[in-house]
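Have a look at the structure below before the remarks.
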Amino acid sequence: MRLLLLHGFTSHPVLTLGPLPERLKEAGFAVSQPALPGHGTSPEDLLRVRFQDWLLAAERAYLGLPEPRGVVGLSMGGLLAAHLAARHPTQALVALAPAFALKNPLAPLAPYLSWLIPRFPGPRSIEDPELRKGNPNYPYFPTRAVGELLALMRKTPEVLPRVRARALVVEAGKDRVVKGVRRYFELLGSAPKDYLVFPESGHDLLLDRDREEVARAVRNWLVAISNHL
C-alpha cells in the first residue's frame with residue numbers, strides 16, 4: 001500500500017511525524033510526505049494560503065500515488081485525510097489527533113483579532129519538557145491564518161459520514177490544542193473503525209514521550225489492514 005502522510009497546521013512537513021515514516025518504510029510501505037502550502041518556509045507564508053490550497057495540494061499528492069493507497073493525517077492533516085477518503089477510493093484512513101475543534105476559547109475570534117494581535121506563539125503541543133525544546137514546528141503563526149483552519153474545520157463534519165475506508169483514530173490524552181476527537185470518530189462512516197488513546201501524550205503524539213509506541217501502533221494497524229487486501 002502507498003501511503004500519503006499529511007502534517008498539521010504550522011507543523012514541519014517532515015520532522016513533525018517523528019519515527020512514523022521510518023517505521024512504515026521498514027514494514028514495506030511506500031510513503032509520501034508533501035509540504036502543504038505555507039509550510040516548511042516561514043510562518044508569514046501562511047498569510048497567502050487558503051484552506052482550498054491545502055486540499056488541492058493534498059489531493060494532487062494523493063492521486064499521484066499508485067493504488068492501493070491510504071492516507072495518514074496529523075491534526076489538520078487528519079481533516080484533509082477525511083476529505084480525500086470521502087472523495088476517492090482509499091484502503092485506510094489514519095487520523096492522529098484530528099483538529100475537529102480548537103481548545104483555545106479565542107480561536108473563533110482569530111480573524112477579528114488579527115489587527116490587535118497579529119501573531120500567536122505556537123501552542124504547547126509536547127508534554128515532555130526535554131522533547132519540547134526540540135520542537136521543529138513554526139514557533140509562531142499569523143493570527144489571520146487561523147481563519148483558514150477554522151473554515152476547513154467547518155467543512156469537515158459533512159464529509160465524515162461519507163468515508164467508507166477502514167479507519168483508525170488516535171487521541172492524545174493530554175492534548176492542549178484540539179478537542180472533539182471522539183466526535184470525529186463517531187461521525188466517520190467507516191466500518192470497521194478503531195480508536196486508540198495515548199494518555200500521556202500531548203497533541204504532537206509523534207514528537208512526545210510515547211512517539212515510538214504511537215508509530216508502532218499505527219504501523220501494526222496498517223500491516224493488519226494490508227494483509228486483508
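By convention here, the chains of the C-alpha cells are called A, B, ... in the order presented, each chain's residues are numbered starting at 1, and ligands are numbered starting at 1 in the order presented.
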Closest contacts (region 25-89 of chain A/region 202-205 of chain A, max 12 Å, only C-alpha atoms) as a tab-separated table:
residue	atom	partner	partner_atom	distance
A:Gly73	CA	A:Asp204	CA	11.7
A:Leu74	CA	A:Asp204	CA	8.1
A:Ser75	CA	A:His203	CA	8.0
A:Met76	CA	A:His203	CA	11.5
Given only C-alpha atoms, how would the per-residue table for region 129-166 of chain A near region 87-101 of chain A read, listing every residue at most 12 Å away with its closest atom pair and distance in Å to one decimal, sorted by chain and number, as CSV?
residue,atom,partner,partner_atom,distance
A:Val146,CA,A:Ala101,CA,11.8
A:Leu149,CA,A:Ala99,CA,8.9
A:Leu150,CA,A:Ala101,CA,8.1
A:Ala151,CA,A:Ala101,CA,11.0
A:Leu152,CA,A:Phe100,CA,9.3
A:Met153,CA,A:Phe100,CA,6.0
A:Arg154,CA,A:Phe100,CA,8.6
A:Lys155,CA,A:Phe100,CA,10.2
A:Thr156,CA,A:Phe100,CA,7.9
A:Pro157,CA,A:Phe100,CA,8.3
A:Glu158,CA,A:Phe100,CA,11.9
A:Val159,CA,A:Arg87,CA,8.7
A:Leu160,CA,A:Arg87,CA,10.6
A:Pro161,CA,A:Arg87,CA,11.6
A:Arg162,CA,A:Arg87,CA,8.2
A:Val163,CA,A:Arg87,CA,8.1
A:Arg164,CA,A:Thr90,CA,8.1
A:Ala165,CA,A:Ala92,CA,5.4
A:Arg166,CA,A:Ala92,CA,5.1
Problem - Distance query Pro37 (chain A) at most 8 Å, only C-alpha atoms, self and fewer than 6 positions along chain excluded, as JSON, numbers by chain - result: {"A": [46, 49, 53, 54, 57]}
Exercise for the section: Using backbone DSSP assignments, extract all strand (DSSP E or B) residues from chain A; output them as a PyMOL selection string. Expected result: chain A and resi 2-6+30-32+69-74+92-96+101-102+119-121+140-142+166-172+178-179+193-198
Problem - Among the residues A:Leu3, A:Asp208, A:Ala82, A:Tyr140, the one that comes closest to Lys25 (chain A) [using only C-alpha atoms] - result: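 Of A:Leu3, A:Asp208, A:Ala82, A:Tyr140, the one nearest Lys25 (chain A), counting only C-alpha atoms, is A:Leu3.
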Practice task
For region 59-64 of chain A, list every protein, DNA or RNA residue within 12 Å, evaluated using only C-alpha atoms, and leave out those in the same chain fewer than 3 positions away; present the list as a PyMOL selection string.
Solution key: chain A and resi 2-6+31-36+52-56+67-72+77+80-90
Could you turn the residues from that selection into a file that holds N, CA, C and O atoms, as a tab-separated table (two decimals), in the first residue's frame?
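Printed below is again_7.tsv as written:
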chain	number	residue	atom	x	y	z
A	2	ARG	N	0.50	2.24	-0.82
A	2	ARG	CA	1.20	3.52	-0.82
A	2	ARG	C	0.48	4.46	0.13
A	2	ARG	O	-0.76	4.54	0.11
A	3	LEU	N	1.24	5.16	0.94
A	3	LEU	CA	0.65	5.99	1.99
A	3	LEU	C	1.03	7.45	1.83
A	3	LEU	O	2.21	7.79	1.68
A	4	LEU	N	0.02	8.30	1.88
A	4	LEU	CA	0.23	9.75	1.90
A	4	LEU	C	0.21	10.19	3.35
A	4	LEU	O	-0.77	9.93	4.07
A	5	LEU	N	1.26	10.86	3.81
A	5	LEU	CA	1.36	11.34	5.19
A	5	LEU	C	1.19	12.85	5.19
A	5	LEU	O	1.97	13.57	4.55
A	6	LEU	N	0.19	13.34	5.92
A	6	LEU	CA	-0.14	14.76	5.92
A	6	LEU	C	0.10	15.37	7.31
A	6	LEU	O	-0.45	14.90	8.30
A	31	VAL	N	5.99	5.62	1.24
A	31	VAL	CA	5.37	6.79	1.86
A	31	VAL	C	5.72	8.06	1.09
A	31	VAL	O	6.80	8.18	0.51
A	32	SER	N	4.79	9.01	1.12
A	32	SER	CA	4.99	10.32	0.52
A	32	SER	C	4.65	11.37	1.57
A	32	SER	O	3.62	11.27	2.24
A	33	GLN	N	5.52	12.37	1.74
A	33	GLN	CA	5.33	13.42	2.74
A	33	GLN	C	5.40	14.80	2.10
A	33	GLN	O	6.41	15.49	2.19
A	34	PRO	N	4.36	15.25	1.44
A	34	PRO	CA	4.40	16.56	0.80
A	34	PRO	C	4.34	17.69	1.83
A	34	PRO	O	3.76	17.53	2.91
A	35	ALA	N	4.94	18.81	1.48
A	35	ALA	CA	4.80	20.02	2.30
A	35	ALA	C	3.56	20.76	1.82
A	35	ALA	O	3.45	21.11	0.64
A	36	LEU	N	2.61	20.98	2.71
A	36	LEU	CA	1.41	21.71	2.34
A	36	LEU	C	1.74	23.19	2.18
A	36	LEU	O	2.67	23.70	2.81
A	52	GLN	N	-8.47	25.90	0.69
A	52	GLN	CA	-8.62	25.16	-0.57
A	52	GLN	C	-7.25	24.78	-1.15
A	52	GLN	O	-7.13	23.76	-1.83
A	53	ASP	N	-6.24	25.61	-0.88
A	53	ASP	CA	-4.89	25.29	-1.36
A	53	ASP	C	-4.36	24.03	-0.68
A	53	ASP	O	-3.69	23.21	-1.32
A	54	TRP	N	-4.64	23.88	0.60
A	54	TRP	CA	-4.21	22.67	1.31
A	54	TRP	C	-4.92	21.45	0.75
A	54	TRP	O	-4.31	20.42	0.52
A	55	LEU	N	-6.23	21.59	0.53
A	55	LEU	CA	-6.99	20.46	-0.01
A	55	LEU	C	-6.49	20.07	-1.40
A	55	LEU	O	-6.33	18.88	-1.69
A	56	LEU	N	-6.24	21.06	-2.25
A	56	LEU	CA	-5.80	20.78	-3.61
A	56	LEU	C	-4.43	20.12	-3.62
A	56	LEU	O	-4.19	19.15	-4.35
A	67	GLU	N	-2.37	2.93	-6.87
A	67	GLU	CA	-3.23	2.16	-5.96
A	67	GLU	C	-2.60	0.79	-5.69
A	67	GLU	O	-1.82	0.30	-6.52
A	68	PRO	N	-2.93	0.16	-4.56
A	68	PRO	CA	-3.80	0.64	-3.48
A	68	PRO	C	-3.09	1.70	-2.64
A	68	PRO	O	-1.87	1.69	-2.53
A	69	ARG	N	-3.87	2.59	-2.06
A	69	ARG	CA	-3.27	3.68	-1.32
A	69	ARG	C	-4.10	3.99	-0.09
A	69	ARG	O	-5.29	3.69	0.00
A	70	GLY	N	-3.44	4.62	0.87
A	70	GLY	CA	-4.10	5.04	2.10
A	70	GLY	C	-3.57	6.41	2.49
A	70	GLY	O	-2.63	6.93	1.88
A	71	VAL	N	-4.16	6.98	3.54
A	71	VAL	CA	-3.77	8.32	3.95
A	71	VAL	C	-3.70	8.40	5.47
A	71	VAL	O	-4.56	7.85	6.18
A	72	VAL	N	-2.65	9.05	5.95
A	72	VAL	CA	-2.42	9.24	7.38
A	72	VAL	C	-2.29	10.74	7.61
A	72	VAL	O	-1.48	11.41	6.95
A	77	GLY	N	-3.97	17.67	9.19
A	77	GLY	CA	-3.83	16.61	8.21
A	77	GLY	C	-4.90	15.54	8.34
A	77	GLY	O	-5.28	14.90	7.36
A	80	LEU	N	-7.84	16.89	6.35
A	80	LEU	CA	-7.60	16.71	4.92
A	80	LEU	C	-7.72	15.25	4.51
A	80	LEU	O	-8.26	14.93	3.45
A	81	ALA	N	-7.22	14.36	5.36
A	81	ALA	CA	-7.30	12.93	5.07
A	81	ALA	C	-8.74	12.47	4.93
A	81	ALA	O	-9.06	11.66	4.06
A	82	ALA	N	-9.62	12.98	5.77
A	82	ALA	CA	-11.03	12.60	5.69
A	82	ALA	C	-11.66	13.09	4.38
A	82	ALA	O	-12.46	12.37	3.77
A	83	HIS	N	-11.30	14.29	3.96
A	83	HIS	CA	-11.82	14.80	2.69
A	83	HIS	C	-11.37	13.92	1.53
A	83	HIS	O	-12.15	13.61	0.63
A	84	LEU	N	-10.11	13.50	1.56
A	84	LEU	CA	-9.61	12.62	0.50
A	84	LEU	C	-10.32	11.27	0.51
A	84	LEU	O	-10.71	10.75	-0.54
A	85	ALA	N	-10.47	10.71	1.70
A	85	ALA	CA	-11.11	9.40	1.81
A	85	ALA	C	-12.58	9.44	1.42
A	85	ALA	O	-13.14	8.43	0.98
A	86	ALA	N	-13.22	10.59	1.57
A	86	ALA	CA	-14.62	10.74	1.18
A	86	ALA	C	-14.77	10.88	-0.33
A	86	ALA	O	-15.80	10.53	-0.89
A	87	ARG	N	-13.71	11.39	-0.99
A	87	ARG	CA	-13.79	11.65	-2.43
A	87	ARG	C	-13.25	10.54	-3.30
A	87	ARG	O	-13.66	10.39	-4.46
A	88	HIS	N	-12.29	9.78	-2.78
A	88	HIS	CA	-11.54	8.84	-3.62
A	88	HIS	C	-11.43	7.47	-2.96
A	88	HIS	O	-11.49	7.36	-1.73
A	89	PRO	N	-11.24	6.42	-3.78
A	89	PRO	CA	-11.02	5.08	-3.21
A	89	PRO	C	-9.81	5.09	-2.27
A	89	PRO	O	-8.73	5.55	-2.65
A	90	THR	N	-10.00	4.61	-1.06
A	90	THR	CA	-8.97	4.66	-0.04
A	90	THR	C	-9.01	3.36	0.76
A	90	THR	O	-10.08	2.97	1.23
